[in-house]
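Colleague: Questions regarding the structure given below will be posed in turn.
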2 protein chains.
Amino acid sequence: MAAHRTTASARERLLEAADQLFYAHGIAATGVDAVVQRAGASPATLYAHFAGKDGLVAAYLERRHHRWRATWDAVLAEAADPVDRLLSVLDALALFRQREGATRGCAVLAAAAELPAADHPARAWIEADTTLLHHRLHELALAAGADDPRALVAELVMVYDGTLAAYARAVADPMPAARELARGAVRRHAVTGSA
Amino acid sequence: MAAHRTTASARERLLEAADQLFYAHGIAATGVDAVVQRAGASPATLYAHFAGKDGLVAAYLERRHHRWRATWDAVLAEAADPVDRLLSVLDALALFRQREGATRGCAVLAAAAELPAADHPARAWIEADTTLLHHRLHELALAAGADDPRALVAELVMVYDGTLAAYARAVADPMPAARELARGAVRRHAVTGSA
DNA sequence: TCCACGCTGTAACGATCGTTATGTTGAGTC
DNA sequence: GACTCAACATAACGATCGTTACAGCGTGGA
């Protein structure tokens, strides 16, 4: 079973290298050789674990998706106030950026721009990101008693995307503006809470 | 001088083809041959007018930048109220999307994600887009008498980017949410006006 | 001890891409 | 009517990329 440990290690190193290189230099601009070399692996190992470069890209987005959801989960677990729970998406984003490094904008939207092919295996995770964002915010908006949950969700998603775009534009600290916008949206939609 | 007309025509056709293909399928995913073929031109003509593919990409972003500015100019010329002039960035965006086709998000931010190289000739137009957005909104915020112009600009840019991201996420109609957010920001920063 | 297995290193393949060169056409000028 | 010049079509080059094949190494289990 130690062989399994070794296997997982190589796969993990490849994923970690792919994550850094894809996010830093773009997917199309990153060659398979660069990923293999940074991971200290061999091309054969990559193709033994993933279905080509497309499969690696899909796994890269899947891993990032799970990390993002885990980060949001952790932040959400410590928020009790309904309004705080709605605004937790921004706190989670700040934490994610600090821990995982998200200084170049949204990896999902960047991948969506690079992979317009509708049948690409990575497309599922691009849609999963949008779905998670909308569904979870919708539940939180309902729990907070918003008058028009769908409108509030649309506005909060917009603030979330705008914040990530600000990172891509190398804005120093977009969080204050994001929080003001989000708080305004929550207040406008008559949510009861302490904030 | 008719030779010049013919020249301009070939250059224009190449730019139009590059604009459609780069925006629809991504820059890296679009080959030079595809652009040449769609323009009904020859590779030699492309390299006679542009400094390789990088030069074509730079010209593509420059053209898009000028079109966007012209669209905003036109909308701004018909707005008299200071608040309407601030919100004109969203009206211009809706008009630009309708006329030029911007259904896949922001071409500038997408290009920024694909071209991380700091010395790429197209990088200048990516920065020009950010500069235009910030400077013009700052002037409009000052003219409208905002209490904290820089904060208001940061929030409006965030709404603008969030709206373009909504297009990239295939949201049906993000404009209502965008207008509510922008109006809330303007109101919060105590701008005098009719809106 | 020998086998099985996962991994590494190197090399090679076919395809594609950006770029350049060559020959030809066609319209405008003297 | 010959000259000029931009632009056309085609082909080819070198480089790079994704992918696969092959040989050798080290470790755990019978």
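Here's how to read the names in the structure tokens: chain A, B, ... by the order shown, residue numbers from 1 in each chain, ligand numbers from 1 in the order shown.
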Mind doing a quick least-squares superposition of chain A onto chain B, all C-alpha atoms paired one-to-one in order, and writing it out as a compact mmCIF listing (two decimals) with C-alpha atoms, in the first residue's frame?

Modeller:
```txt
# COMPACT_ATOMS: atom_id res chain seq x y z
CA MET A 1 -3.48 57.06 -53.78
CA ALA A 2 -5.98 54.34 -54.50
CA ALA A 3 -3.22 51.99 -53.48
CA HIS A 4 -3.51 53.47 -50.03
CA ARG A 5 -7.21 52.75 -50.04
CA THR A 6 -6.51 49.15 -50.91
CA THR A 7 -3.89 48.96 -48.21
CA ALA A 8 -6.21 50.32 -45.57
CA SER A 9 -8.86 47.88 -46.67
CA ALA A 10 -6.67 44.84 -46.19
CA ARG A 11 -5.49 46.12 -42.83
CA GLU A 12 -9.06 46.80 -41.78
CA ARG A 13 -10.23 43.35 -42.83
CA LEU A 14 -7.42 41.76 -40.86
CA LEU A 15 -8.29 43.79 -37.78
CA GLU A 16 -11.97 42.95 -38.06
CA ALA A 17 -11.23 39.24 -38.41
CA ALA A 18 -8.78 39.35 -35.52
CA ASP A 19 -11.34 41.14 -33.35
CA GLN A 20 -14.01 38.52 -33.93
CA LEU A 21 -11.77 35.49 -33.60
CA PHE A 22 -9.66 36.68 -30.67
CA TYR A 23 -12.72 37.67 -28.69
CA ALA A 24 -14.77 34.59 -29.54
CA HIS A 25 -12.14 31.87 -29.19
CA GLY A 26 -9.36 33.47 -27.19
CA ILE A 27 -6.05 34.87 -28.35
CA ALA A 28 -3.82 31.87 -27.81
CA ALA A 29 -6.39 29.50 -29.28
CA THR A 30 -6.66 31.53 -32.49
CA GLY A 31 -4.01 30.80 -35.08
CA VAL A 32 -2.64 33.35 -37.48
CA ASP A 33 -3.87 31.28 -40.39
CA ALA A 34 -7.44 31.50 -39.15
CA VAL A 35 -7.28 35.29 -39.04
CA VAL A 36 -5.72 35.47 -42.49
CA GLN A 37 -8.27 33.11 -43.97
CA ARG A 38 -11.27 34.92 -42.46
CA ALA A 39 -9.93 38.25 -43.69
CA GLY A 40 -9.43 36.85 -47.19
CA ALA A 41 -5.83 37.95 -47.01
CA SER A 42 -2.42 36.39 -47.21
CA PRO A 43 0.13 35.88 -44.43
CA ALA A 44 2.56 38.25 -46.14
CA THR A 45 0.03 41.07 -45.95
CA LEU A 46 -0.44 40.53 -42.25
CA TYR A 47 3.27 40.73 -41.57
CA ALA A 48 3.52 43.78 -43.81
CA HIS A 49 1.05 45.67 -41.64
CA PHE A 50 1.72 44.33 -38.15
CA ALA A 51 4.75 43.33 -36.14
CA GLY A 52 3.87 39.66 -35.99
CA LYS A 53 1.02 38.17 -34.02
CA ASP A 54 1.94 40.23 -30.95
CA GLY A 55 1.57 43.40 -32.96
CA LEU A 56 -1.79 42.23 -34.26
CA VAL A 57 -2.95 41.51 -30.72
CA ALA A 58 -1.86 44.99 -29.64
CA ALA A 59 -3.70 46.56 -32.57
CA TYR A 60 -6.77 44.48 -31.73
CA LEU A 61 -6.86 45.81 -28.17
CA GLU A 62 -6.12 49.33 -29.37
CA ARG A 63 -9.06 49.23 -31.75
CA ARG A 64 -11.35 47.85 -29.08
CA HIS A 65 -10.15 50.51 -26.66
CA HIS A 66 -10.90 53.31 -29.11
CA ARG A 67 -14.35 51.91 -29.90
CA TRP A 68 -15.18 51.62 -26.23
CA ARG A 69 -14.05 55.17 -25.56
CA ALA A 70 -16.03 56.46 -28.53
CA THR A 71 -19.14 54.69 -27.30
CA TRP A 72 -18.74 56.13 -23.83
CA ASP A 73 -18.10 59.59 -25.32
CA ALA A 74 -21.35 59.45 -27.24
CA VAL A 75 -23.39 58.41 -24.21
CA LEU A 76 -21.67 60.97 -22.05
CA ALA A 77 -22.42 63.76 -24.52
CA GLU A 78 -26.14 63.29 -23.97
CA ALA A 79 -26.04 63.26 -20.19
CA ALA A 80 -26.32 66.56 -18.36
CA ASP A 81 -27.13 65.61 -14.81
CA PRO A 82 -23.95 64.91 -12.76
CA VAL A 83 -25.36 61.66 -11.44
CA ASP A 84 -26.44 60.54 -14.88
CA ARG A 85 -22.94 61.30 -16.12
CA LEU A 86 -21.50 59.04 -13.43
CA LEU A 87 -23.90 56.25 -14.28
CA SER A 88 -23.24 56.70 -18.00
CA VAL A 89 -20.51 54.07 -17.78
CA LEU A 90 -23.21 51.44 -17.41
CA ASP A 91 -25.37 52.83 -20.20
CA ALA A 92 -22.30 52.90 -22.43
CA LEU A 93 -21.56 49.30 -21.49
CA ALA A 94 -25.07 48.20 -22.40
CA LEU A 95 -24.83 50.03 -25.71
CA PHE A 96 -21.38 48.63 -26.43
CA ARG A 97 -22.51 45.10 -25.74
CA GLN A 98 -25.49 45.55 -28.02
CA ARG A 99 -23.56 47.07 -30.90
CA GLU A 100 -20.13 45.53 -30.76
CA GLY A 101 -20.94 42.21 -29.17
CA ALA A 102 -19.45 41.80 -25.75
CA THR A 103 -21.27 38.67 -24.70
CA ARG A 104 -18.20 36.94 -23.38
CA GLY A 105 -17.01 39.41 -20.80
CA CYS A 106 -14.27 41.96 -20.87
CA ALA A 107 -11.84 41.59 -23.76
CA VAL A 108 -9.22 43.55 -21.88
CA LEU A 109 -9.32 41.47 -18.72
CA ALA A 110 -9.42 38.29 -20.78
CA ALA A 111 -6.34 39.42 -22.65
CA ALA A 112 -4.67 40.34 -19.38
CA ALA A 113 -5.23 36.79 -18.17
CA GLU A 114 -3.78 35.33 -21.35
CA LEU A 115 -0.79 37.66 -21.63
CA PRO A 116 1.00 37.77 -18.29
CA ALA A 117 4.27 38.83 -19.93
CA ALA A 118 4.95 42.37 -18.75
CA ASP A 119 6.81 43.33 -21.91
CA HIS A 120 4.07 42.33 -24.34
CA PRO A 121 3.20 45.22 -26.68
CA ALA A 122 -0.49 44.72 -25.91
CA ARG A 123 0.03 45.40 -22.20
CA ALA A 124 -0.03 49.13 -22.82
CA TRP A 125 -3.65 48.98 -23.92
CA ILE A 126 -4.63 46.84 -20.98
CA GLU A 127 -3.30 49.54 -18.68
CA ALA A 128 -4.86 52.23 -20.86
CA ASP A 129 -8.26 50.67 -20.22
CA THR A 130 -7.81 50.79 -16.47
CA THR A 131 -6.45 54.33 -16.65
CA LEU A 132 -9.33 55.62 -18.78
CA LEU A 133 -11.86 54.06 -16.45
CA HIS A 134 -10.34 55.52 -13.30
CA HIS A 135 -9.44 58.97 -14.61
CA ARG A 136 -12.73 59.65 -16.29
CA LEU A 137 -14.81 58.41 -13.37
CA HIS A 138 -12.67 60.46 -11.02
CA GLU A 139 -13.36 63.63 -12.99
CA LEU A 140 -17.07 62.86 -13.06
CA ALA A 141 -17.07 62.15 -9.32
CA LEU A 142 -15.37 65.47 -8.65
CA ALA A 143 -17.82 67.30 -10.90
CA ALA A 144 -20.69 65.65 -9.06
CA GLY A 145 -19.34 66.76 -5.70
CA ALA A 146 -18.72 63.38 -4.15
CA ASP A 147 -17.47 63.40 -0.57
CA ASP A 148 -14.83 60.75 -1.25
CA PRO A 149 -14.19 60.60 -5.02
CA ARG A 150 -11.59 57.85 -4.85
CA ALA A 151 -13.86 55.55 -2.87
CA LEU A 152 -16.75 56.19 -5.23
CA VAL A 153 -14.56 55.48 -8.24
CA ALA A 154 -13.37 52.22 -6.71
CA GLU A 155 -16.95 51.13 -6.17
CA LEU A 156 -18.12 52.10 -9.65
CA VAL A 157 -15.19 50.31 -11.29
CA MET A 158 -16.13 47.28 -9.24
CA VAL A 159 -19.70 47.39 -10.51
CA TYR A 160 -18.44 47.83 -14.06
CA ASP A 161 -16.14 44.81 -13.82
CA GLY A 162 -18.81 42.79 -12.06
CA THR A 163 -21.23 43.48 -14.89
CA LEU A 164 -18.75 42.28 -17.49
CA ALA A 165 -18.06 39.21 -15.40
CA ALA A 166 -21.79 38.55 -15.35
CA TYR A 167 -21.74 38.55 -19.14
CA ALA A 168 -18.90 36.02 -18.99
CA ARG A 169 -21.00 33.91 -16.61
CA ALA A 170 -23.86 34.01 -19.11
CA VAL A 171 -26.18 35.84 -16.73
CA ALA A 172 -29.36 36.84 -18.56
CA ASP A 173 -29.60 40.55 -17.77
CA PRO A 174 -27.18 41.90 -15.18
CA MET A 175 -28.04 45.55 -15.80
CA PRO A 176 -30.78 45.95 -13.17
CA ALA A 177 -28.49 44.69 -10.41
CA ALA A 178 -25.64 46.83 -11.72
CA ARG A 179 -27.78 49.96 -11.74
CA GLU A 180 -29.02 49.35 -8.22
CA LEU A 181 -25.49 48.88 -6.95
CA ALA A 182 -24.20 51.96 -8.74
CA ARG A 183 -27.12 54.11 -7.62
CA GLY A 184 -26.58 52.95 -4.06
CA ALA A 185 -22.92 53.88 -4.23
CA VAL A 186 -23.69 57.31 -5.64
CA ARG A 187 -26.36 57.93 -3.02
CA ARG A 188 -24.11 56.76 -0.21
CA HIS A 189 -21.41 59.19 -1.25
CA ALA A 190 -23.82 62.13 -1.03
CA VAL A 191 -23.75 63.27 -4.64
CA THR A 192 -26.18 66.01 -5.48
CA GLY A 193 -28.37 65.27 -8.49
CA SER A 194 -31.76 64.25 -9.77
CA ALA A 195 -31.35 60.48 -9.62
```

Colleague: Enumerate as a PyMOL selection string all residues of region 37-164 of chain A assigned to helix (DSSP H, G or I) by DSSP on the backbone, naming them with the chain letters and numbers the document uses.

Modeller: chain A and resi 37-39+43-49+52-77+82-101+107-114+123-143+149-164

Colleague: I need the residues from that last selection saved to file as a short mmCIF file (atom, residue, chain, number, x, y, z; two decimals), in the first residue's frame (with C-alpha atoms), if you can.

Modeller:
```cif
data_model
loop_
_atom_site.label_atom_id
_atom_site.label_comp_id
_atom_site.auth_asym_id
_atom_site.auth_seq_id
_atom_site.Cartn_x
_atom_site.Cartn_y
_atom_site.Cartn_z
CA GLN A 37 9.67 19.59 -14.67
CA ARG A 38 8.39 21.69 -11.76
CA ALA A 39 6.74 18.63 -10.24
CA PRO A 43 5.63 12.85 -18.77
CA ALA A 44 4.59 9.21 -18.52
CA THR A 45 3.46 9.72 -14.93
CA LEU A 46 1.32 12.66 -15.92
CA TYR A 47 -0.44 10.69 -18.62
CA ALA A 48 -0.86 7.77 -16.23
CA HIS A 49 -2.83 9.94 -13.82
CA GLY A 52 -3.91 14.42 -21.22
CA LYS A 53 -3.48 18.12 -20.66
CA ASP A 54 -7.25 18.68 -20.79
CA GLY A 55 -7.71 16.25 -17.95
CA LEU A 56 -5.00 18.00 -15.96
CA VAL A 57 -6.70 21.34 -16.53
CA ALA A 58 -10.01 19.89 -15.34
CA ALA A 59 -8.35 18.46 -12.24
CA TYR A 60 -6.67 21.81 -11.61
CA LEU A 61 -10.01 23.63 -11.63
CA GLU A 62 -11.62 20.89 -9.55
CA ARG A 63 -8.94 21.22 -6.89
CA ARG A 64 -9.26 24.98 -6.85
CA HIS A 65 -13.03 24.69 -6.63
CA HIS A 66 -12.83 22.36 -3.63
CA ARG A 67 -10.31 24.60 -1.86
CA TRP A 68 -12.48 27.64 -2.43
CA ARG A 69 -15.55 25.86 -1.11
CA ALA A 70 -13.64 24.61 1.92
CA THR A 71 -12.42 28.12 2.68
CA TRP A 72 -15.92 29.52 2.40
CA ASP A 73 -17.25 26.68 4.58
CA ALA A 74 -14.79 27.52 7.32
CA VAL A 75 -15.65 31.21 7.31
CA LEU A 76 -19.34 30.46 7.17
CA ALA A 77 -19.11 28.13 10.16
CA PRO A 82 -27.71 36.28 8.90
CA VAL A 83 -26.16 39.41 7.45
CA ASP A 84 -22.67 38.32 8.41
CA ARG A 85 -23.35 34.99 6.73
CA LEU A 86 -24.28 36.81 3.52
CA LEU A 87 -21.17 38.94 3.66
CA SER A 88 -19.02 35.91 4.46
CA VAL A 89 -18.36 35.45 0.74
CA LEU A 90 -16.13 38.51 0.87
CA ASP A 91 -14.36 37.45 4.05
CA ALA A 92 -13.76 34.04 2.49
CA LEU A 93 -12.39 35.71 -0.62
CA ALA A 94 -9.95 37.79 1.42
CA LEU A 95 -8.84 34.70 3.30
CA PHE A 96 -8.52 32.66 0.12
CA ARG A 97 -6.43 35.32 -1.54
CA GLN A 98 -4.16 35.51 1.49
CA ARG A 99 -3.68 31.77 1.86
CA GLU A 100 -3.87 30.37 -1.64
CA GLY A 101 -2.64 33.33 -3.63
CA ALA A 107 -8.92 31.42 -11.96
CA VAL A 108 -12.31 30.17 -13.06
CA LEU A 109 -13.21 33.19 -15.17
CA ALA A 110 -9.70 33.27 -16.62
CA ALA A 111 -10.05 29.63 -17.59
CA ALA A 112 -13.47 30.33 -19.05
CA ALA A 113 -11.91 32.98 -21.27
CA GLU A 114 -9.18 30.61 -22.42
CA ARG A 123 -16.13 23.39 -18.39
CA ALA A 124 -18.03 21.43 -15.77
CA TRP A 125 -16.03 23.05 -12.99
CA ILE A 126 -16.45 26.49 -14.45
CA GLU A 127 -20.21 26.01 -14.25
CA ALA A 128 -19.88 24.42 -10.82
CA ASP A 129 -18.29 27.63 -9.57
CA THR A 130 -21.17 29.75 -10.80
CA THR A 131 -23.70 27.27 -9.43
CA LEU A 132 -22.11 27.14 -5.98
CA LEU A 133 -22.00 30.91 -5.80
CA HIS A 134 -25.63 31.40 -6.77
CA HIS A 135 -27.15 28.51 -4.83
CA ARG A 136 -25.37 29.19 -1.60
CA LEU A 137 -26.00 32.92 -1.69
CA HIS A 138 -29.63 32.24 -2.51
CA GLU A 139 -30.03 30.04 0.56
CA LEU A 140 -28.34 32.65 2.73
CA ALA A 141 -30.54 35.39 1.28
CA LEU A 142 -33.65 33.35 2.04
CA ALA A 143 -32.45 32.65 5.57
CA PRO A 149 -33.51 37.06 -2.91
CA ARG A 150 -32.70 36.71 -6.59
CA ALA A 151 -31.95 40.40 -6.99
CA LEU A 152 -29.78 40.40 -3.88
CA VAL A 153 -27.87 37.37 -5.11
CA ALA A 154 -27.27 39.00 -8.48
CA GLU A 155 -25.86 42.06 -6.77
CA LEU A 156 -23.63 40.11 -4.39
CA VAL A 157 -22.24 37.97 -7.21
CA MET A 158 -21.49 41.18 -9.04
CA VAL A 159 -19.55 42.54 -6.08
CA TYR A 160 -17.70 39.24 -5.76
CA ASP A 161 -16.68 39.24 -9.42
CA GLY A 162 -15.82 42.93 -9.28
CA THR A 163 -13.49 42.30 -6.36
CA LEU A 164 -11.66 39.55 -8.23
#
```

Colleague: Using only C-alpha atoms (C1' of nucleotides), which protein or nucleic acid residues come within 12 Å of DA30 (chain D)? Drop anything in the same chain fewer than 6 positions from it, and give the result as a list in words.

Modeller: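 Selected residues are DT1, DC2, DC3 and DA4 of chain C.
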
Colleague: Which residues of chain D are close to chain B, meaning at most 10 Å apart when you count only C-alpha atoms (C1' of nucleotides), and how do they look as a PyMOL selection string?

Modeller: chain D and resi 5-10

Colleague: Please identify every residue of chain C that has at least one atom no more than 12 Å from any atom of chain A, counting only C-alpha atoms (C1' of nucleotides), and report them as a PyMOL selection string.

Modeller: chain C and resi 4-11
